[in-house]
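Q: Got a structure for you, written out below as structure tokens; questions coming shortly.
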Amino acid sequence: LAQLTSEMVRFPSTFGQEEDIQQYIADRLEKMGAEVDFWYPDIEQMRKHPGFCSDRTDFSTSPNVCGVFKGSGDGKSLILNGHVDVVPPGNEDDWSDSPWSGKITQDRVWGRGSTDMKGGLACNFIALEAIWAAGLTLKGDILFQTVMDEECGGMGTLAQIVRGYRADGVLIPECMKNNVVIATIGSAWVRLTVPGRGALLSNAEAGASAIEKAFYIYQRLDVLEKDRTQRLAHPLLAGFKTPFKINVGKLNGGNWPSAVPDQAVMEIRYGMSPMETVEQAKAEFEDYINRIADADPWLKDHHPVVEWLGCCWHPYSMDTDDAFVQMVAANHEAVVGNDATICGIAVAADAALYSRFLEIPSILFGPGEVTVAHQANEYVEINKMMDATKVIAATIMDWCGYQDAE
């Protein structure tokens with residue numbers, strides 16, 4: 001388990017660099033007996049789906065993989081999904097070893113992507129291989145999917161949906177501390193272009209500072225965030241102070257210190273609740289910007305321009321009483337010896353795509369911790385991977401059904 005995680009970490013599978021690891025995975029699945037589909041998604045076909053949201057122009061270096069293990073029949077099917085793309089390592093001087101070392105110590109595997117989420121992918125592999133090694137035959141089909149683009153909006157998983165892959169349940173071993181996560185937020189990136197009127201400082205009263213107007217909007221985004229936090233609160237996200245954070249991540253304005261700035265541009269991450277759709281959330285944001293613009297003497301006649309950028313993640317939630325949720329929780333208790341934590345998390349994930357567009361029960365359950373993802377010296381704990389692997393194997397057997405060896 002640790003060795004497999006280490007091998008996958010050594011592939012630097014950042015954005016657009018997923019081919020090598022996907023070929024490695026496809027080869028392993030084929031050796032395990034899967035019918036392997038290795039393809040490069042057609043972006044024009046992808047654009048036709050309502051869930052498409054990307055500023056990519058093609059997927060020519062970013063393939064998808066789906067390995068199908070046919071069951072013997074009379075069992076439920078299960079998708080085991082996980083992403084191979086990782087975020088860049090950042091300043092490598094902040095790392096104790098190479099970000100791509102895959103170093104194994106007594107209790108951890110280190111490197112970029114170890115916790116998010118190659119450790120979880122290794123759990124999927126080893127869980128299935130353990131079932132085969134025990135001589136068991138599954139009744140339901142297993143669809144083993146590895147996807148690209150999760151870190152940039154989930155178009156890899158959407159491509160699996162567009163390709164036509166379906167199942168009765170989805171399990172994604174994301175870095176959830178082995179909690180049973182059944183609610184995630186959504187988010188989108190939006191650009192606000194705020195107009196001003198340029199002027200020489202000797203005649204500043206004839207101008208309108210776009211930076212001042214951007215700051216006017218900035219202050220009022222806090223009001224919107226507080227309102228949405230209260231009004232769209234979800235019980236599974238109660239532990240997060242501001243789960244639907246509205247964050248101004250970039251602000252540029254003006255072009256000369258001695259002039260009134262005639263334009264300011266804000267780029268914003270806009271959080272969304274499981275209680276709403278992406279369309280509803282976007283409409284509320286645009287309406288709010290229009291209303292606060294109308295309350296300002298300059299902006300009422302010079303509204304900011306709203307542009308939704310290429311990244312968008314859908315929110316979702318499930319019922320805690322769902323049979324699939326309770327099955328994973330029961331297997332966690334059997335393996336670990338204590339009750340599972342069934343909860344939500346204030347991040348976005350690919351499970352929402354299967355839940356929102358296909359209404360398939362979709363659960364995030366895997367080792368690793370979000371707090372070390374995307375950080376220098378990222379790691380995953382081996383004992384937590386072992387626990388997750390056992391829970392995943394037990395869930396596969398319970399969900400799909402199985403027959404003992406003759």
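Residues are referred to by chain and number: the chain letter is A, B, ... according to the order shown in the structure tokens, the number counts from 1 in that chain, and ligands are numbered separately from 1 in the order shown.
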Quick check for you: according to DSSP on this backbone, which residues of stretch 46-268 of chain A are classed as strand (DSSP E or B)? Reply as a PyMOL selection string.
A: chain A and resi 64-69+78-83+104+108-110+137-138+142-147+169-172+180-184+186-195+197+199-200+208+246-253+259-260+263-268
Q: What's around A:Thr157 at 8 Å? Count only C-alpha atoms, leave out sequence neighbours fewer than 4 positions away in its own chain, and write the answer as a VMD selection string.
A: chain A and resid 147 to 148 150 161 350 353
Q: So that each row is one residue of stretch 301-378 of chain A with an atom at most 9 Å from stretch 243-258 of chain A, can you give its shortest atom pair and the distance in Å to one decimal, using only C-alpha atoms, rows by chain and rising number, as a tab-separated table?
A:
```
residue	atom	partner	partner_atom	distance
A:Ile345	CA	A:Pro243	CA	8.2
A:Ala346	CA	A:Pro243	CA	5.2
A:Val347	CA	A:Pro243	CA	8.2
```
Q: Quick one: which stretch 187-254 of chain A residues come within 12 Å of stretch 327-342 of chain A, and what is the nearest atom pair for each with the distance in Å to one decimal, counting only C-alpha atoms, rows ordered by chain and ascending number, as JSON lines?
A:
```
{"residue": "A:Pro235", "atom": "CA", "partner": "A:Ile342", "partner_atom": "CA", "distance": 11.2}
{"residue": "A:Leu236", "atom": "CA", "partner": "A:Ile342", "partner_atom": "CA", "distance": 8.1}
{"residue": "A:Leu237", "atom": "CA", "partner": "A:Ile342", "partner_atom": "CA", "distance": 10.8}
```
Q: Can I get the selected residues back with C-alpha atoms, as a PDB file, in the first residue's frame?
A:
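This is the output file part_28.pdb:
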```pdb
ATOM      1  CA  PRO A 235     -26.605  21.146   9.435  1.00  0.00           C
ATOM      2  CA  LEU A 236     -23.698  19.031   8.147  1.00  0.00           C
ATOM      3  CA  LEU A 237     -21.572  22.180   7.803  1.00  0.00           C
TER       4      LEU A 237
END
```
Q: Which of these, A:Glu359, A:Glu225, A:Glu279, A:Asp262, has the shortest distance to A:Pro195 once you count only C-alpha atoms?
A: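 Of all the options, A:Asp262 lies closest to A:Pro195.
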Q: Go through A:Leu78, A:Ile363, A:Met46, A:Leu232 and flag the residue nearest A:Cys175, using only C-alpha atoms for the distances.
A: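 Residue with the minimum atom-to-atom distance to A:Cys175: A:Ile363.
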Q: Pick out the residues sitting within 12 Å of stretch 226-230 of chain A, and hand them over as JSON, numbers by chain; count only C-alpha atoms, and ignore anything fewer than 5 positions along from it in its own chain.
A: {"A": [185, 219, 220, 221, 235, 237, 238, 240, 241, 242, 243, 244, 245, 246, 270, 271, 272, 273, 274, 275, 276, 281, 284, 285, 288, 346]}
Q: Take the residues from that selection and write them out as a PDB file, in the first residue's frame, keeping C-alpha atoms.
A:
```
ATOM      1  CA  ILE A 185     -19.859  23.323  -0.774  1.00  0.00           C
ATOM      2  CA  GLN A 219     -16.966  46.218   2.078  1.00  0.00           C
ATOM      3  CA  ARG A 220     -20.470  45.154   1.103  1.00  0.00           C
ATOM      4  CA  LEU A 221     -19.483  41.654   0.052  1.00  0.00           C
ATOM      5  CA  PRO A 235     -26.605  21.146   9.435  1.00  0.00           C
ATOM      6  CA  LEU A 237     -21.572  22.180   7.803  1.00  0.00           C
ATOM      7  CA  ALA A 238     -22.401  23.660  11.208  1.00  0.00           C
ATOM      8  CA  PHE A 240     -17.532  25.857   9.863  1.00  0.00           C
ATOM      9  CA  LYS A 241     -17.771  29.572  10.727  1.00  0.00           C
ATOM     10  CA  THR A 242     -18.033  30.780   7.111  1.00  0.00           C
ATOM     11  CA  PRO A 243     -18.517  27.721   4.896  1.00  0.00           C
ATOM     12  CA  PHE A 244     -19.580  29.788   1.874  1.00  0.00           C
ATOM     13  CA  LYS A 245     -16.661  32.190   1.993  1.00  0.00           C
ATOM     14  CA  ILE A 246     -16.581  35.093  -0.462  1.00  0.00           C
ATOM     15  CA  TYR A 270     -17.710  32.846  -4.397  1.00  0.00           C
ATOM     16  CA  GLY A 271     -18.803  30.012  -2.089  1.00  0.00           C
ATOM     17  CA  MET A 272     -22.099  28.149  -2.527  1.00  0.00           C
ATOM     18  CA  SER A 273     -24.355  26.158  -0.195  1.00  0.00           C
ATOM     19  CA  PRO A 274     -25.716  22.625  -0.737  1.00  0.00           C
ATOM     20  CA  MET A 275     -29.106  24.307  -0.285  1.00  0.00           C
ATOM     21  CA  GLU A 276     -28.847  25.981  -3.704  1.00  0.00           C
ATOM     22  CA  ALA A 281     -26.170  31.197  -6.451  1.00  0.00           C
ATOM     23  CA  GLU A 284     -28.123  36.016  -6.349  1.00  0.00           C
ATOM     24  CA  PHE A 285     -24.594  37.385  -6.686  1.00  0.00           C
ATOM     25  CA  TYR A 288     -26.698  41.837  -5.198  1.00  0.00           C
ATOM     26  CA  ALA A 346     -16.359  23.261   3.388  1.00  0.00           C
TER      27      ALA A 346
END
```
Q: Within 10 Å of stretch 365-377 of chain A, which residues of stretch 127-220 of chain A show up? Give each one with its shortest atom-to-atom distance in Å (one decimal) and the two atoms involved, counting only C-alpha atoms, rows by chain then rising residue number, as JSON lines.
A:
```
{"residue": "A:Leu171", "atom": "CA", "partner": "A:Phe365", "partner_atom": "CA", "distance": 7.0}
{"residue": "A:Ile172", "atom": "CA", "partner": "A:Phe365", "partner_atom": "CA", "distance": 6.1}
{"residue": "A:Pro173", "atom": "CA", "partner": "A:Gly366", "partner_atom": "CA", "distance": 3.8}
{"residue": "A:Glu174", "atom": "CA", "partner": "A:Gly366", "partner_atom": "CA", "distance": 4.9}
{"residue": "A:Cys175", "atom": "CA", "partner": "A:Gly368", "partner_atom": "CA", "distance": 4.3}
{"residue": "A:Met176", "atom": "CA", "partner": "A:Gly366", "partner_atom": "CA", "distance": 5.4}
{"residue": "A:Lys177", "atom": "CA", "partner": "A:Pro367", "partner_atom": "CA", "distance": 5.0}
{"residue": "A:Asn178", "atom": "CA", "partner": "A:Gly366", "partner_atom": "CA", "distance": 4.8}
{"residue": "A:Asn179", "atom": "CA", "partner": "A:Phe365", "partner_atom": "CA", "distance": 5.9}
{"residue": "A:Val180", "atom": "CA", "partner": "A:Phe365", "partner_atom": "CA", "distance": 5.2}
{"residue": "A:Val181", "atom": "CA", "partner": "A:Phe365", "partner_atom": "CA", "distance": 6.3}
{"residue": "A:Ile182", "atom": "CA", "partner": "A:Phe365", "partner_atom": "CA", "distance": 9.0}
```
Q: Would you write out those residues with N, CA and C atoms, as a CSV table (one decimal), in the first residue's frame?
A:
```csv
chain,number,residue,atom,x,y,z
A,171,LEU,N,-18.0,5.9,-4.6
A,171,LEU,CA,-17.1,6.1,-3.4
A,171,LEU,C,-15.8,6.7,-3.9
A,172,ILE,N,-15.5,7.8,-3.3
A,172,ILE,CA,-14.3,8.6,-3.7
A,172,ILE,C,-13.4,8.7,-2.4
A,173,PRO,N,-12.2,8.1,-2.4
A,173,PRO,CA,-11.4,8.1,-1.2
A,173,PRO,C,-10.6,9.4,-1.1
A,174,GLU,N,-11.3,10.5,-1.0
A,174,GLU,CA,-10.6,11.8,-0.8
A,174,GLU,C,-10.1,11.9,0.6
A,175,CYS,N,-9.2,12.9,0.8
A,175,CYS,CA,-8.5,13.1,2.1
A,175,CYS,C,-9.5,13.6,3.2
A,176,MET,N,-10.3,12.8,3.7
A,176,MET,CA,-11.3,13.2,4.7
A,176,MET,C,-11.1,12.7,6.1
A,177,LYS,N,-9.9,12.3,6.4
A,177,LYS,CA,-9.6,11.8,7.8
A,177,LYS,C,-10.4,10.5,8.1
A,178,ASN,N,-10.8,9.8,7.1
A,178,ASN,CA,-11.7,8.6,7.2
A,178,ASN,C,-13.0,9.0,7.8
A,179,ASN,N,-13.5,10.2,7.6
A,179,ASN,CA,-14.8,10.6,8.0
A,179,ASN,C,-15.7,10.2,6.8
A,180,VAL,N,-17.0,10.0,7.0
A,180,VAL,CA,-18.0,9.7,6.0
A,180,VAL,C,-18.6,11.1,5.6
A,181,VAL,N,-18.1,11.7,4.5
A,181,VAL,CA,-18.5,13.0,4.1
A,181,VAL,C,-19.5,13.0,3.0
A,182,ILE,N,-20.7,13.6,3.3
A,182,ILE,CA,-21.8,13.5,2.4
A,182,ILE,C,-22.4,14.9,2.1
```
Q: Using only C-alpha atoms, which protein or nucleic acid residues come within 9 Å of A:Arg191? Drop anything in the same chain fewer than 4 positions from it, and give the result as a PyMOL selection string.
A: chain A and resi 265-268+305-309
Q: Find the nearest atom pair between each residue of stretch 144-214 of chain A and stretch 13-31 of chain A for residues within 9 Å, count only C-alpha atoms, give distances in Å to one decimal, sort rows by chain and ascending number, and present the table as a Markdown table.
A:
```
| residue | atom | partner | partner_atom | distance |
| --- | --- | --- | --- | --- |
| A:Phe144 | CA | A:Leu29 | CA | 8.3 |
| A:Thr146 | CA | A:Gln22 | CA | 7.4 |
| A:Val147 | CA | A:Gln22 | CA | 8.3 |
| A:Met148 | CA | A:Glu18 | CA | 6.7 |
| A:Asp149 | CA | A:Phe15 | CA | 7.0 |
| A:Glu151 | CA | A:Phe15 | CA | 8.3 |
| A:Cys152 | CA | A:Phe15 | CA | 8.3 |
```
Q: With N, CA, C and O atoms kept, could you save the residues just selected as a compact mmCIF listing (two decimals), in the first residue's frame?
A:
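Okay, this is what ended up in out.txt:
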```
# COMPACT_ATOMS: atom_id res chain seq x y z
N PHE A 144 -13.66 1.35 -12.03
CA PHE A 144 -12.51 1.98 -11.38
C PHE A 144 -12.08 3.16 -12.25
O PHE A 144 -11.50 2.99 -13.31
N THR A 146 -10.09 6.84 -12.81
CA THR A 146 -9.13 7.86 -12.41
C THR A 146 -9.27 9.03 -13.37
O THR A 146 -9.32 8.85 -14.58
N VAL A 147 -9.35 10.22 -12.80
CA VAL A 147 -9.71 11.39 -13.59
C VAL A 147 -8.68 12.50 -13.42
O VAL A 147 -7.94 12.55 -12.45
N MET A 148 -8.67 13.38 -14.41
CA MET A 148 -7.84 14.58 -14.37
C MET A 148 -8.74 15.78 -14.07
O MET A 148 -9.96 15.66 -13.98
N ASP A 149 -8.14 16.92 -13.86
CA ASP A 149 -8.84 18.21 -13.80
C ASP A 149 -9.68 18.44 -12.54
O ASP A 149 -10.38 19.43 -12.46
N GLU A 151 -8.74 19.42 -9.65
CA GLU A 151 -8.29 20.63 -8.97
C GLU A 151 -8.73 21.90 -9.69
O GLU A 151 -8.62 23.00 -9.13
N CYS A 152 -9.22 21.76 -10.92
CA CYS A 152 -9.60 22.94 -11.71
C CYS A 152 -11.07 22.95 -12.08
O CYS A 152 -11.47 23.67 -12.99
```
Q: Excluding stretch 123-133 of chain A and any residue of its chain fewer than 4 positions from it, enumerate the residues within 7 Å of it, using only C-alpha atoms, and give them as a list in words.
A: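 Non-adjacent residues within range: Leu1, Leu80, Gly119, Met385, Ala388, Thr389, Lys390, Ile392 and Ala393 of chain A.
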Q: Using only C-alpha atoms, which protein or nucleic acid residues come within 8 Å of A:Val170? Drop anything in the same chain fewer than 4 positions from it, and give the result as a PyMOL selection string.
A: chain A and resi 78-81+351+354+360-363
Q: Expressed in Å to a single decimal, how great is the separation between atom CA of A:Asp55 and atom CA of A:Gly154?
A: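 Rounded to one decimal, the two atoms are 12.3 Å apart.
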Q: Identify, with DSSP run on backbone atoms, the residues in stretch 73-282 of chain A assigned to alpha helix (DSSP H), and express the list as a ChimeraX atom specification.
A: /A:119-133,155-163,210-231,278-282
Q: Can I get the selected residues back with N, CA and C atoms, as a compact mmCIF listing (two decimals), in the first residue's frame?
A:
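Result went into again19.txt, see below:
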```txt
# COMPACT_ATOMS: atom_id res chain seq x y z
N GLY A 119 -2.84 8.54 -2.05
CA GLY A 119 -2.99 7.54 -0.98
C GLY A 119 -4.36 6.89 -1.05
N GLY A 120 -5.40 7.70 -1.31
CA GLY A 120 -6.74 7.15 -1.45
C GLY A 120 -6.87 6.24 -2.66
N LEU A 121 -6.25 6.63 -3.78
CA LEU A 121 -6.27 5.78 -4.97
C LEU A 121 -5.61 4.43 -4.69
N ALA A 122 -4.51 4.45 -3.95
CA ALA A 122 -3.85 3.20 -3.59
C ALA A 122 -4.78 2.32 -2.75
N CYS A 123 -5.57 2.93 -1.88
CA CYS A 123 -6.54 2.16 -1.08
C CYS A 123 -7.53 1.44 -1.99
N ASN A 124 -8.03 2.12 -3.02
CA ASN A 124 -8.95 1.49 -3.97
C ASN A 124 -8.31 0.27 -4.62
N PHE A 125 -7.07 0.43 -5.08
CA PHE A 125 -6.37 -0.68 -5.73
C PHE A 125 -6.20 -1.87 -4.79
N ILE A 126 -5.67 -1.60 -3.61
CA ILE A 126 -5.34 -2.69 -2.70
C ILE A 126 -6.60 -3.36 -2.16
N ALA A 127 -7.68 -2.58 -1.97
CA ALA A 127 -8.95 -3.18 -1.53
C ALA A 127 -9.44 -4.21 -2.54
N LEU A 128 -9.42 -3.84 -3.83
CA LEU A 128 -9.85 -4.77 -4.87
C LEU A 128 -8.91 -5.97 -4.97
N GLU A 129 -7.61 -5.71 -4.93
CA GLU A 129 -6.66 -6.80 -5.06
C GLU A 129 -6.76 -7.78 -3.89
N ALA A 130 -7.10 -7.27 -2.71
CA ALA A 130 -7.29 -8.15 -1.55
C ALA A 130 -8.51 -9.05 -1.74
N ILE A 131 -9.56 -8.48 -2.32
CA ILE A 131 -10.77 -9.27 -2.58
C ILE A 131 -10.47 -10.39 -3.57
N TRP A 132 -9.75 -10.06 -4.65
CA TRP A 132 -9.39 -11.10 -5.62
C TRP A 132 -8.48 -12.13 -4.97
N ALA A 133 -7.52 -11.67 -4.17
CA ALA A 133 -6.57 -12.59 -3.54
C ALA A 133 -7.27 -13.56 -2.58
N MET A 155 -13.69 18.54 -14.47
CA MET A 155 -14.09 18.15 -15.83
C MET A 155 -13.71 16.71 -16.15
N GLY A 156 -12.76 16.13 -15.42
CA GLY A 156 -12.45 14.72 -15.62
C GLY A 156 -13.60 13.83 -15.23
N THR A 157 -14.19 14.09 -14.09
CA THR A 157 -15.35 13.31 -13.67
C THR A 157 -16.56 13.61 -14.56
N LEU A 158 -16.73 14.87 -14.96
CA LEU A 158 -17.82 15.16 -15.89
C LEU A 158 -17.63 14.39 -17.19
N ALA A 159 -16.39 14.22 -17.63
CA ALA A 159 -16.13 13.45 -18.84
C ALA A 159 -16.54 12.00 -18.68
N GLN A 160 -16.39 11.45 -17.47
CA GLN A 160 -16.87 10.08 -17.22
C GLN A 160 -18.38 10.01 -17.38
N ILE A 161 -19.07 11.04 -16.91
CA ILE A 161 -20.53 11.10 -17.04
C ILE A 161 -20.94 11.24 -18.50
N VAL A 162 -20.27 12.15 -19.21
CA VAL A 162 -20.57 12.34 -20.62
C VAL A 162 -20.29 11.07 -21.42
N ARG A 163 -19.29 10.32 -21.01
CA ARG A 163 -18.93 9.06 -21.67
C ARG A 163 -20.02 8.00 -21.50
N ALA A 210 -12.00 54.45 -9.54
CA ALA A 210 -12.47 53.07 -9.64
C ALA A 210 -12.02 52.25 -8.43
N ILE A 211 -10.87 52.59 -7.85
CA ILE A 211 -10.40 51.87 -6.67
C ILE A 211 -11.32 52.13 -5.49
N GLU A 212 -11.74 53.39 -5.32
CA GLU A 212 -12.67 53.70 -4.23
C GLU A 212 -13.99 52.95 -4.43
N LYS A 213 -14.46 52.87 -5.65
CA LYS A 213 -15.72 52.17 -5.91
C LYS A 213 -15.56 50.65 -5.72
N ALA A 214 -14.38 50.13 -6.05
CA ALA A 214 -14.12 48.72 -5.80
C ALA A 214 -14.11 48.44 -4.30
N PHE A 215 -13.53 49.39 -3.53
CA PHE A 215 -13.52 49.22 -2.07
C PHE A 215 -14.93 49.30 -1.50
N TYR A 216 -15.77 50.16 -2.07
CA TYR A 216 -17.19 50.23 -1.69
C TYR A 216 -17.85 48.86 -1.86
N ILE A 217 -17.59 48.21 -2.98
CA ILE A 217 -18.16 46.88 -3.22
C ILE A 217 -17.54 45.86 -2.27
N TYR A 218 -16.23 45.94 -2.11
CA TYR A 218 -15.52 45.01 -1.23
C TYR A 218 -16.13 44.98 0.17
N GLN A 219 -16.40 46.15 0.74
CA GLN A 219 -16.97 46.22 2.08
C GLN A 219 -18.35 45.59 2.15
N ARG A 220 -19.10 45.67 1.09
CA ARG A 220 -20.47 45.15 1.10
C ARG A 220 -20.57 43.67 0.76
N LEU A 221 -19.50 43.11 0.25
CA LEU A 221 -19.48 41.65 0.05
C LEU A 221 -19.54 40.93 1.38
N ASP A 222 -19.00 41.55 2.41
CA ASP A 222 -19.06 40.96 3.75
C ASP A 222 -20.51 40.83 4.22
N VAL A 223 -21.34 41.81 3.88
CA VAL A 223 -22.77 41.76 4.24
C VAL A 223 -23.45 40.59 3.55
N LEU A 224 -23.14 40.40 2.27
CA LEU A 224 -23.71 39.28 1.53
C LEU A 224 -23.26 37.95 2.11
N GLU A 225 -21.99 37.85 2.45
CA GLU A 225 -21.46 36.60 3.01
C GLU A 225 -22.16 36.25 4.33
N LYS A 226 -22.33 37.22 5.21
CA LYS A 226 -22.99 36.96 6.50
C LYS A 226 -24.44 36.54 6.30
N ASP A 227 -25.12 37.19 5.37
CA ASP A 227 -26.51 36.84 5.09
C ASP A 227 -26.62 35.42 4.56
N ARG A 228 -25.75 35.06 3.63
CA ARG A 228 -25.80 33.72 3.03
C ARG A 228 -25.40 32.65 4.05
N THR A 229 -24.46 32.97 4.92
CA THR A 229 -24.04 32.02 5.95
C THR A 229 -25.21 31.63 6.85
N GLN A 230 -26.04 32.61 7.20
CA GLN A 230 -27.19 32.35 8.07
C GLN A 230 -28.36 31.73 7.30
N ARG A 231 -28.67 32.30 6.16
CA ARG A 231 -29.87 31.91 5.42
C ARG A 231 -29.74 30.55 4.75
N VAL A 278 -26.00 26.01 -8.58
CA VAL A 278 -25.04 26.98 -9.09
C VAL A 278 -25.76 28.14 -9.76
N GLU A 279 -26.80 27.82 -10.52
CA GLU A 279 -27.55 28.87 -11.22
C GLU A 279 -28.19 29.84 -10.25
N GLN A 280 -28.78 29.33 -9.18
CA GLN A 280 -29.40 30.19 -8.17
C GLN A 280 -28.35 31.06 -7.48
N ALA A 281 -27.22 30.46 -7.15
CA ALA A 281 -26.17 31.20 -6.45
C ALA A 281 -25.61 32.32 -7.32
N LYS A 282 -25.37 32.03 -8.58
CA LYS A 282 -24.85 33.05 -9.49
C LYS A 282 -25.85 34.19 -9.67
```
